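Structure first, commentary second.
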Amino acid sequence: MDSLTVPWSDTVRFVRQLSHDLRNDLNAIELQSAYIAELTQDPELTSEIKRLREVVSSLNSTLQTLSRAVGEVTPSLVIYPAAEFLTDMRTQIERKFSKENHEVTWDVQIAEGMLNIDPQLFQEVFLELFTNAFQHGRGAGAVVARARVDDGQFLFSLYEPKTFFDSDTKNWGREPLRNVRQRHYGLGLNRVRAIIEAHGGELQAQYDANAATLVSTVALPMSSRQSENA
């Protein structure tokens with residue numbers, strides 16, 4: 001039997017519509033739960049209703065995240081000093097990964113230059129890259145984050161020690177839904193790639209077998225414009 005091929009645009013439409021429909025049902029459950037909570041004075045029942053509402057809220061959040069992950073990327077661009085962006089991004093990483101940030105070695109060699117980016121979208125990019133580095137096949141040793149400017153490009157590379165790696169990096173970030181597990185749907189790197197390409201950049205990955213290290217690189221064109229505050 002021939003395998004069925006579904007265009008990605010149709011998959012996206014399906015996921016977003018399904019998410020919308022399920023969230024409507026969850027909102028109805030939430031309203032009914034709130035109404036029932038008002039009708040009872042039983043502490044045990046009230047506690048169970050509270051737990052139910054928390055489950056509904058969690059599912060709603062998961063569906064929102066899923067819908068956003070397959071959504072179209074439309075950046076709202078601003079001029080951002082590259083060095084300042086790295087500082088702000090590092091602060092976000094250290095706050096998000098407070099238990100792991102001592103395992104990151106930073107090598108930032110950027111003194112000047114501007115980026116034309118959507119900072120909120122790029123926060124997603126780096127949070128996803130660091131999440132993957134800490135959660136997927138992590139080997140012994142530090143995660144190394146290096147940033148520099150070379151030939152008019154902002155280059156950020158993340159070096160992840162890997163005890164074992166057998167993935168093909170040729171289509172890195174272009175194979176959504178390939179690795180699916182509980183509450184993870186194989187959309188993170190696809191979203192990362194889409195955000196980077198919407199900014200005129202490129203995402204690359206290469207595995208160095210000798211060093212047992214996966215190197216992910218984000219390349220972005222530097223802006224020729226000056227800061228609006230300059």
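FYI, nothing fancy with the structure tokens labels: chains A, B, ... in order, residues from 1 per chain, ligands from 1 as they appear.
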
Shell around Arg90 (chain A) at 12 Å using only C-alpha atoms, local window under 2 positions removed, as a count of residues only: 26

Just want the 9 Å neighbourhood of Gly71 (chain A), counted on only C-alpha atoms, with same-chain residues fewer than 4 positions away dropped. Output as a list in words.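 Here the answer would be Val12, Arg16, Leu66, Ser67 and Arg191 of chain A.
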
Keeping only C-alpha atoms, write those residues as a compact mmCIF listing (two decimals), in the first residue's frame.
```
# COMPACT_ATOMS: atom_id res chain seq x y z
CA VAL A 12 -0.98 22.98 9.84
CA ARG A 16 -4.85 24.62 14.29
CA LEU A 66 0.92 23.47 19.76
CA SER A 67 -1.09 25.91 17.66
CA ARG A 191 9.72 26.41 14.59
```

Which polymer residues have any atom within 10 Å of an atom of Glu54 (chain A), counting only C-alpha atoms, with same-chain residues fewer than 6 positions away left out, as a PyMOL selection string? chain A and resi 30+48+60

Mind dumping the selected residues with all heavy atoms as a PDB file, in the first residue's frame?
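Listing of out-v7.pdb after writing:
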```pdb
ATOM      1  N   GLU A  30     -14.380  24.224  31.759  1.00  0.00           N
ATOM      2  CA  GLU A  30     -13.922  25.163  32.788  1.00  0.00           C
ATOM      3  C   GLU A  30     -15.097  25.950  33.369  1.00  0.00           C
ATOM      4  O   GLU A  30     -15.215  26.121  34.590  1.00  0.00           O
ATOM      5  CB  GLU A  30     -12.879  26.107  32.194  1.00  0.00           C
ATOM      6  CG  GLU A  30     -12.573  27.362  32.985  1.00  0.00           C
ATOM      7  CD  GLU A  30     -11.954  27.086  34.344  1.00  0.00           C
ATOM      8  OE1 GLU A  30     -11.386  25.988  34.545  1.00  0.00           O
ATOM      9  OE2 GLU A  30     -12.047  27.978  35.213  1.00  0.00           O
ATOM     10  N   GLU A  48     -11.291  18.601  44.658  1.00  0.00           N
ATOM     11  CA  GLU A  48     -11.264  17.823  43.423  1.00  0.00           C
ATOM     12  C   GLU A  48     -11.610  18.683  42.211  1.00  0.00           C
ATOM     13  O   GLU A  48     -11.039  18.524  41.127  1.00  0.00           O
ATOM     14  CB  GLU A  48     -12.235  16.643  43.529  1.00  0.00           C
ATOM     15  CG  GLU A  48     -11.810  15.567  44.507  1.00  0.00           C
ATOM     16  CD  GLU A  48     -10.456  14.964  44.157  1.00  0.00           C
ATOM     17  OE1 GLU A  48     -10.195  14.747  42.946  1.00  0.00           O
ATOM     18  OE2 GLU A  48      -9.657  14.722  45.074  1.00  0.00           O
ATOM     19  N   ASN A  60      -5.307  23.264  27.998  1.00  0.00           N
ATOM     20  CA  ASN A  60      -5.538  24.463  27.189  1.00  0.00           C
ATOM     21  C   ASN A  60      -4.208  25.103  26.804  1.00  0.00           C
ATOM     22  O   ASN A  60      -4.003  25.513  25.653  1.00  0.00           O
ATOM     23  CB  ASN A  60      -6.394  25.458  27.976  1.00  0.00           C
ATOM     24  CG  ASN A  60      -7.342  26.220  27.075  1.00  0.00           C
ATOM     25  OD1 ASN A  60      -7.019  26.508  25.937  1.00  0.00           O
ATOM     26  ND2 ASN A  60      -8.515  26.560  27.588  1.00  0.00           N
TER      27      ASN A  60
END
```

Please list as a list in words every residue within 8 Å of Tyr159 (chain A), counting only C-alpha atoms and excluding residues in the same chain fewer than 4 positions away. Val143, Val144, Ala145, Thr213, Leu214, Val215 and Ser216 of chain A

Selection from above, all heavy atoms, as a short mmCIF file (atom, residue, chain, number, x, y, z; two decimals), in the first residue's frame, can you write it?
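The result, stored in selection.cif:
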```cif
data_model
loop_
_atom_site.label_atom_id
_atom_site.label_comp_id
_atom_site.auth_asym_id
_atom_site.auth_seq_id
_atom_site.Cartn_x
_atom_site.Cartn_y
_atom_site.Cartn_z
N VAL A 143 28.31 22.73 28.09
CA VAL A 143 27.70 23.23 26.86
C VAL A 143 28.36 24.58 26.58
O VAL A 143 28.40 25.45 27.45
CB VAL A 143 26.17 23.41 27.03
CG1 VAL A 143 25.58 24.11 25.82
CG2 VAL A 143 25.51 22.07 27.25
N VAL A 144 28.91 24.73 25.38
CA VAL A 144 29.65 25.95 25.04
C VAL A 144 28.83 26.80 24.08
O VAL A 144 28.38 26.32 23.04
CB VAL A 144 31.01 25.60 24.41
CG1 VAL A 144 31.77 26.88 24.04
CG2 VAL A 144 31.85 24.74 25.37
N ALA A 145 28.63 28.07 24.45
CA ALA A 145 27.90 29.02 23.62
C ALA A 145 28.87 30.08 23.10
O ALA A 145 29.50 30.79 23.89
CB ALA A 145 26.78 29.68 24.43
N THR A 213 30.49 15.86 19.69
CA THR A 213 29.84 17.15 19.92
C THR A 213 28.92 17.52 18.76
O THR A 213 29.32 17.43 17.59
CB THR A 213 30.89 18.27 20.09
OG1 THR A 213 31.75 17.94 21.19
CG2 THR A 213 30.22 19.61 20.36
N LEU A 214 27.71 17.92 19.08
CA LEU A 214 26.78 18.47 18.09
C LEU A 214 26.91 19.99 18.12
O LEU A 214 26.79 20.61 19.17
CB LEU A 214 25.35 18.06 18.42
CG LEU A 214 24.26 18.68 17.53
CD1 LEU A 214 24.38 18.18 16.09
CD2 LEU A 214 22.87 18.38 18.08
N VAL A 215 27.15 20.57 16.96
CA VAL A 215 27.30 22.01 16.85
C VAL A 215 26.13 22.58 16.06
O VAL A 215 25.95 22.26 14.88
CB VAL A 215 28.62 22.40 16.15
CG1 VAL A 215 28.79 23.93 16.14
CG2 VAL A 215 29.81 21.74 16.83
N SER A 216 25.31 23.39 16.72
CA SER A 216 24.19 24.07 16.06
C SER A 216 24.56 25.53 15.88
O SER A 216 24.98 26.18 16.84
CB SER A 216 22.91 23.96 16.89
OG SER A 216 22.58 22.61 17.15
#
```

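Distances from A:Leu203, A:Val192, A:Ala219, A:Ala209 to Glu124 (chain A) were compared using only C-alpha atoms, and the smallest one belongs to A:Val192.
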
Which is closer to Leu155 (chain A) than all the others in A:Val55, A:Leu189, A:Ile196, A:Ala69, using only C-alpha atoms?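 Of all the options, A:Ile196 lies closest to Leu155 (chain A).
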
Running DSSP on the backbone, which parts of region 43-195 of chain A land in strand (DSSP E), as a VMD selection string? chain A and resid 78 to 81 104 to 109 114 to 117 143 to 150 153 to 161

May I have all residues of region 19-122 of chain A that DSSP, computed from the backbone, assigns to alpha helix (DSSP H), given as a ChimeraX atom specification? /A:19-39,43-70,82-96,119-122

Write out the residues from the selection above, keeping C-alpha atoms, as a PDB file, in the first residue's frame.
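Just written: part-v9.pdb:
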```pdb
ATOM      1  CA  SER A  19      -6.684  22.851  18.644  1.00  0.00           C
ATOM      2  CA  HIS A  20      -9.327  25.571  18.310  1.00  0.00           C
ATOM      3  CA  ASP A  21     -12.195  23.075  18.590  1.00  0.00           C
ATOM      4  CA  LEU A  22     -10.726  21.274  21.593  1.00  0.00           C
ATOM      5  CA  ARG A  23     -10.007  24.548  23.375  1.00  0.00           C
ATOM      6  CA  ASN A  24     -13.659  25.547  22.934  1.00  0.00           C
ATOM      7  CA  ASP A  25     -14.671  22.280  24.620  1.00  0.00           C
ATOM      8  CA  LEU A  26     -12.144  22.800  27.400  1.00  0.00           C
ATOM      9  CA  ASN A  27     -13.434  26.319  27.995  1.00  0.00           C
ATOM     10  CA  ALA A  28     -16.952  24.868  28.356  1.00  0.00           C
ATOM     11  CA  ILE A  29     -15.638  22.343  30.906  1.00  0.00           C
ATOM     12  CA  GLU A  30     -13.922  25.163  32.788  1.00  0.00           C
ATOM     13  CA  LEU A  31     -17.155  27.171  32.963  1.00  0.00           C
ATOM     14  CA  GLN A  32     -19.125  24.153  34.166  1.00  0.00           C
ATOM     15  CA  SER A  33     -16.464  23.389  36.783  1.00  0.00           C
ATOM     16  CA  ALA A  34     -16.591  26.944  38.068  1.00  0.00           C
ATOM     17  CA  TYR A  35     -20.389  26.750  38.285  1.00  0.00           C
ATOM     18  CA  ILE A  36     -20.301  23.431  40.173  1.00  0.00           C
ATOM     19  CA  ALA A  37     -17.689  24.843  42.568  1.00  0.00           C
ATOM     20  CA  GLU A  38     -20.144  27.616  43.471  1.00  0.00           C
ATOM     21  CA  LEU A  39     -22.862  25.062  44.301  1.00  0.00           C
ATOM     22  CA  PRO A  43     -14.172  20.809  51.068  1.00  0.00           C
ATOM     23  CA  GLU A  44     -13.206  17.484  49.478  1.00  0.00           C
ATOM     24  CA  LEU A  45     -15.350  18.090  46.405  1.00  0.00           C
ATOM     25  CA  THR A  46     -14.061  21.653  46.147  1.00  0.00           C
ATOM     26  CA  SER A  47     -10.498  20.329  46.194  1.00  0.00           C
ATOM     27  CA  GLU A  48     -11.264  17.823  43.423  1.00  0.00           C
ATOM     28  CA  ILE A  49     -12.900  20.520  41.307  1.00  0.00           C
ATOM     29  CA  LYS A  50      -9.825  22.689  41.744  1.00  0.00           C
ATOM     30  CA  ARG A  51      -7.632  19.815  40.566  1.00  0.00           C
ATOM     31  CA  LEU A  52      -9.893  19.279  37.552  1.00  0.00           C
ATOM     32  CA  ARG A  53      -9.667  22.945  36.602  1.00  0.00           C
ATOM     33  CA  GLU A  54      -5.875  22.782  36.823  1.00  0.00           C
ATOM     34  CA  VAL A  55      -5.852  19.821  34.426  1.00  0.00           C
ATOM     35  CA  VAL A  56      -8.126  21.691  32.014  1.00  0.00           C
ATOM     36  CA  SER A  57      -5.900  24.772  32.219  1.00  0.00           C
ATOM     37  CA  SER A  58      -2.805  22.679  31.504  1.00  0.00           C
ATOM     38  CA  LEU A  59      -4.419  21.073  28.464  1.00  0.00           C
ATOM     39  CA  ASN A  60      -5.538  24.463  27.189  1.00  0.00           C
ATOM     40  CA  SER A  61      -1.979  25.755  27.519  1.00  0.00           C
ATOM     41  CA  THR A  62      -0.611  22.714  25.667  1.00  0.00           C
ATOM     42  CA  LEU A  63      -3.019  23.275  22.783  1.00  0.00           C
ATOM     43  CA  GLN A  64      -2.126  26.970  22.595  1.00  0.00           C
ATOM     44  CA  THR A  65       1.568  26.082  22.449  1.00  0.00           C
ATOM     45  CA  LEU A  66       0.922  23.475  19.762  1.00  0.00           C
ATOM     46  CA  SER A  67      -1.093  25.909  17.658  1.00  0.00           C
ATOM     47  CA  ARG A  68       1.630  28.551  17.959  1.00  0.00           C
ATOM     48  CA  ALA A  69       4.340  26.018  17.074  1.00  0.00           C
ATOM     49  CA  VAL A  70       2.804  25.365  13.644  1.00  0.00           C
ATOM     50  CA  ALA A  82      23.994  42.691  18.906  1.00  0.00           C
ATOM     51  CA  ALA A  83      26.014  42.818  22.125  1.00  0.00           C
ATOM     52  CA  GLU A  84      22.961  43.981  24.081  1.00  0.00           C
ATOM     53  CA  PHE A  85      20.873  41.229  22.537  1.00  0.00           C
ATOM     54  CA  LEU A  86      23.418  38.601  23.658  1.00  0.00           C
ATOM     55  CA  THR A  87      23.424  40.036  27.179  1.00  0.00           C
ATOM     56  CA  ASP A  88      19.627  40.015  27.397  1.00  0.00           C
ATOM     57  CA  MET A  89      19.419  36.531  25.898  1.00  0.00           C
ATOM     58  CA  ARG A  90      21.999  35.203  28.345  1.00  0.00           C
ATOM     59  CA  THR A  91      20.002  36.651  31.244  1.00  0.00           C
ATOM     60  CA  GLN A  92      16.902  34.837  29.968  1.00  0.00           C
ATOM     61  CA  ILE A  93      18.796  31.558  29.636  1.00  0.00           C
ATOM     62  CA  GLU A  94      20.268  31.820  33.120  1.00  0.00           C
ATOM     63  CA  ARG A  95      16.842  32.584  34.578  1.00  0.00           C
ATOM     64  CA  LYS A  96      15.118  29.735  32.711  1.00  0.00           C
ATOM     65  CA  PRO A 119      13.404  39.886  20.130  1.00  0.00           C
ATOM     66  CA  GLN A 120      10.416  37.919  21.401  1.00  0.00           C
ATOM     67  CA  LEU A 121      10.627  35.405  18.565  1.00  0.00           C
ATOM     68  CA  PHE A 122      14.364  35.029  19.017  1.00  0.00           C
TER      69      PHE A 122
END
```

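Put simply, CA of Pro7 (chain A) is 26.9 Å away from CA of Val218 (chain A).
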
Extract, using only C-alpha atoms, all DNA, RNA and protein residues at most 12 Å from Gly152 (chain A), discarding same-chain residues fewer than 2 positions from it, and format them as JSON, numbers by chain. {"A": [112, 113, 114, 115, 148, 149, 150, 154, 155, 201, 219, 220, 221, 222, 223, 224]}

Provide the CA of Glu72 (chain A) to CA of Arg193 (chain A) distance in Å, to one decimal place. 12.0 Å

I'd like the neighbourhood of Lys162 (chain A) as a PDB file with N, CA, C and O atoms, in the first residue's frame, where a residue qualifies if any of its atoms comes within 10 Å (using only C-alpha atoms), though same-chain residues fewer than 5 positions away should be ignored.
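File out.pdb, as written:
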```pdb
ATOM      1  N   ALA A 133      19.654  21.073  24.235  1.00  0.00           N
ATOM      2  CA  ALA A 133      21.012  20.750  24.676  1.00  0.00           C
ATOM      3  C   ALA A 133      21.012  20.070  26.039  1.00  0.00           C
ATOM      4  O   ALA A 133      21.813  19.162  26.292  1.00  0.00           O
ATOM      5  N   HIS A 136      18.353  16.275  25.563  1.00  0.00           N
ATOM      6  CA  HIS A 136      18.427  15.196  24.586  1.00  0.00           C
ATOM      7  C   HIS A 136      19.840  14.624  24.458  1.00  0.00           C
ATOM      8  O   HIS A 136      20.718  15.232  23.842  1.00  0.00           O
ATOM      9  N   GLY A 137      20.065  13.472  25.073  1.00  0.00           N
ATOM     10  CA  GLY A 137      21.333  12.762  24.907  1.00  0.00           C
ATOM     11  C   GLY A 137      22.550  13.518  25.374  1.00  0.00           C
ATOM     12  O   GLY A 137      23.618  13.427  24.770  1.00  0.00           O
ATOM     13  N   ARG A 138      22.393  14.263  26.435  1.00  0.00           N
ATOM     14  CA  ARG A 138      23.492  15.085  26.940  1.00  0.00           C
ATOM     15  C   ARG A 138      24.675  14.223  27.389  1.00  0.00           C
ATOM     16  O   ARG A 138      24.525  13.259  28.125  1.00  0.00           O
ATOM     17  N   GLY A 139      25.869  14.576  26.929  1.00  0.00           N
ATOM     18  CA  GLY A 139      27.077  13.895  27.341  1.00  0.00           C
ATOM     19  C   GLY A 139      27.785  14.662  28.443  1.00  0.00           C
ATOM     20  O   GLY A 139      27.320  15.711  28.903  1.00  0.00           O
ATOM     21  N   ALA A 140      28.919  14.139  28.866  1.00  0.00           N
ATOM     22  CA  ALA A 140      29.695  14.797  29.916  1.00  0.00           C
ATOM     23  C   ALA A 140      30.401  16.029  29.362  1.00  0.00           C
ATOM     24  O   ALA A 140      30.831  16.055  28.212  1.00  0.00           O
ATOM     25  N   GLY A 141      30.506  17.053  30.199  1.00  0.00           N
ATOM     26  CA  GLY A 141      31.198  18.271  29.784  1.00  0.00           C
ATOM     27  C   GLY A 141      30.264  19.456  29.663  1.00  0.00           C
ATOM     28  O   GLY A 141      29.043  19.321  29.698  1.00  0.00           O
ATOM     29  N   TYR A 207      27.527  17.268  13.326  1.00  0.00           N
ATOM     30  CA  TYR A 207      28.010  16.433  14.423  1.00  0.00           C
ATOM     31  C   TYR A 207      29.471  16.089  14.197  1.00  0.00           C
ATOM     32  O   TYR A 207      29.856  15.561  13.141  1.00  0.00           O
ATOM     33  N   ASP A 208      30.304  16.421  15.188  1.00  0.00           N
ATOM     34  CA  ASP A 208      31.722  16.099  15.164  1.00  0.00           C
ATOM     35  C   ASP A 208      31.912  14.795  15.941  1.00  0.00           C
ATOM     36  O   ASP A 208      31.887  14.788  17.173  1.00  0.00           O
ATOM     37  N   ALA A 209      32.060  13.694  15.209  1.00  0.00           N
ATOM     38  CA  ALA A 209      32.158  12.381  15.853  1.00  0.00           C
ATOM     39  C   ALA A 209      33.412  12.261  16.710  1.00  0.00           C
ATOM     40  O   ALA A 209      33.397  11.621  17.768  1.00  0.00           O
ATOM     41  N   ALA A 211      34.970  14.594  18.411  1.00  0.00           N
ATOM     42  CA  ALA A 211      34.804  15.327  19.667  1.00  0.00           C
ATOM     43  C   ALA A 211      33.505  14.953  20.377  1.00  0.00           C
ATOM     44  O   ALA A 211      33.254  15.442  21.485  1.00  0.00           O
ATOM     45  N   ALA A 212      32.703  14.080  19.748  1.00  0.00           N
ATOM     46  CA  ALA A 212      31.385  13.707  20.290  1.00  0.00           C
ATOM     47  C   ALA A 212      30.572  14.946  20.655  1.00  0.00           C
ATOM     48  O   ALA A 212      30.046  15.089  21.750  1.00  0.00           O
ATOM     49  N   THR A 213      30.488  15.859  19.686  1.00  0.00           N
ATOM     50  CA  THR A 213      29.837  17.149  19.921  1.00  0.00           C
ATOM     51  C   THR A 213      28.920  17.521  18.764  1.00  0.00           C
ATOM     52  O   THR A 213      29.317  17.427  17.593  1.00  0.00           O
ATOM     53  N   LEU A 214      27.706  17.923  19.084  1.00  0.00           N
ATOM     54  CA  LEU A 214      26.782  18.467  18.092  1.00  0.00           C
ATOM     55  C   LEU A 214      26.906  19.987  18.118  1.00  0.00           C
ATOM     56  O   LEU A 214      26.793  20.611  19.166  1.00  0.00           O
TER      57      LEU A 214
END
```

Given the choices A:Leu187, A:Ala198, A:Ala111, A:Val180, which gets closest to Glu128 (chain A) if the distance is worked out from only C-alpha atoms? A:Leu187

Can you work out the spacing between CA of Ser167 (chain A) and CA of Ala205 (chain A) in Å, to one decimal?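 Distance between the two atoms: 10.5 Å.
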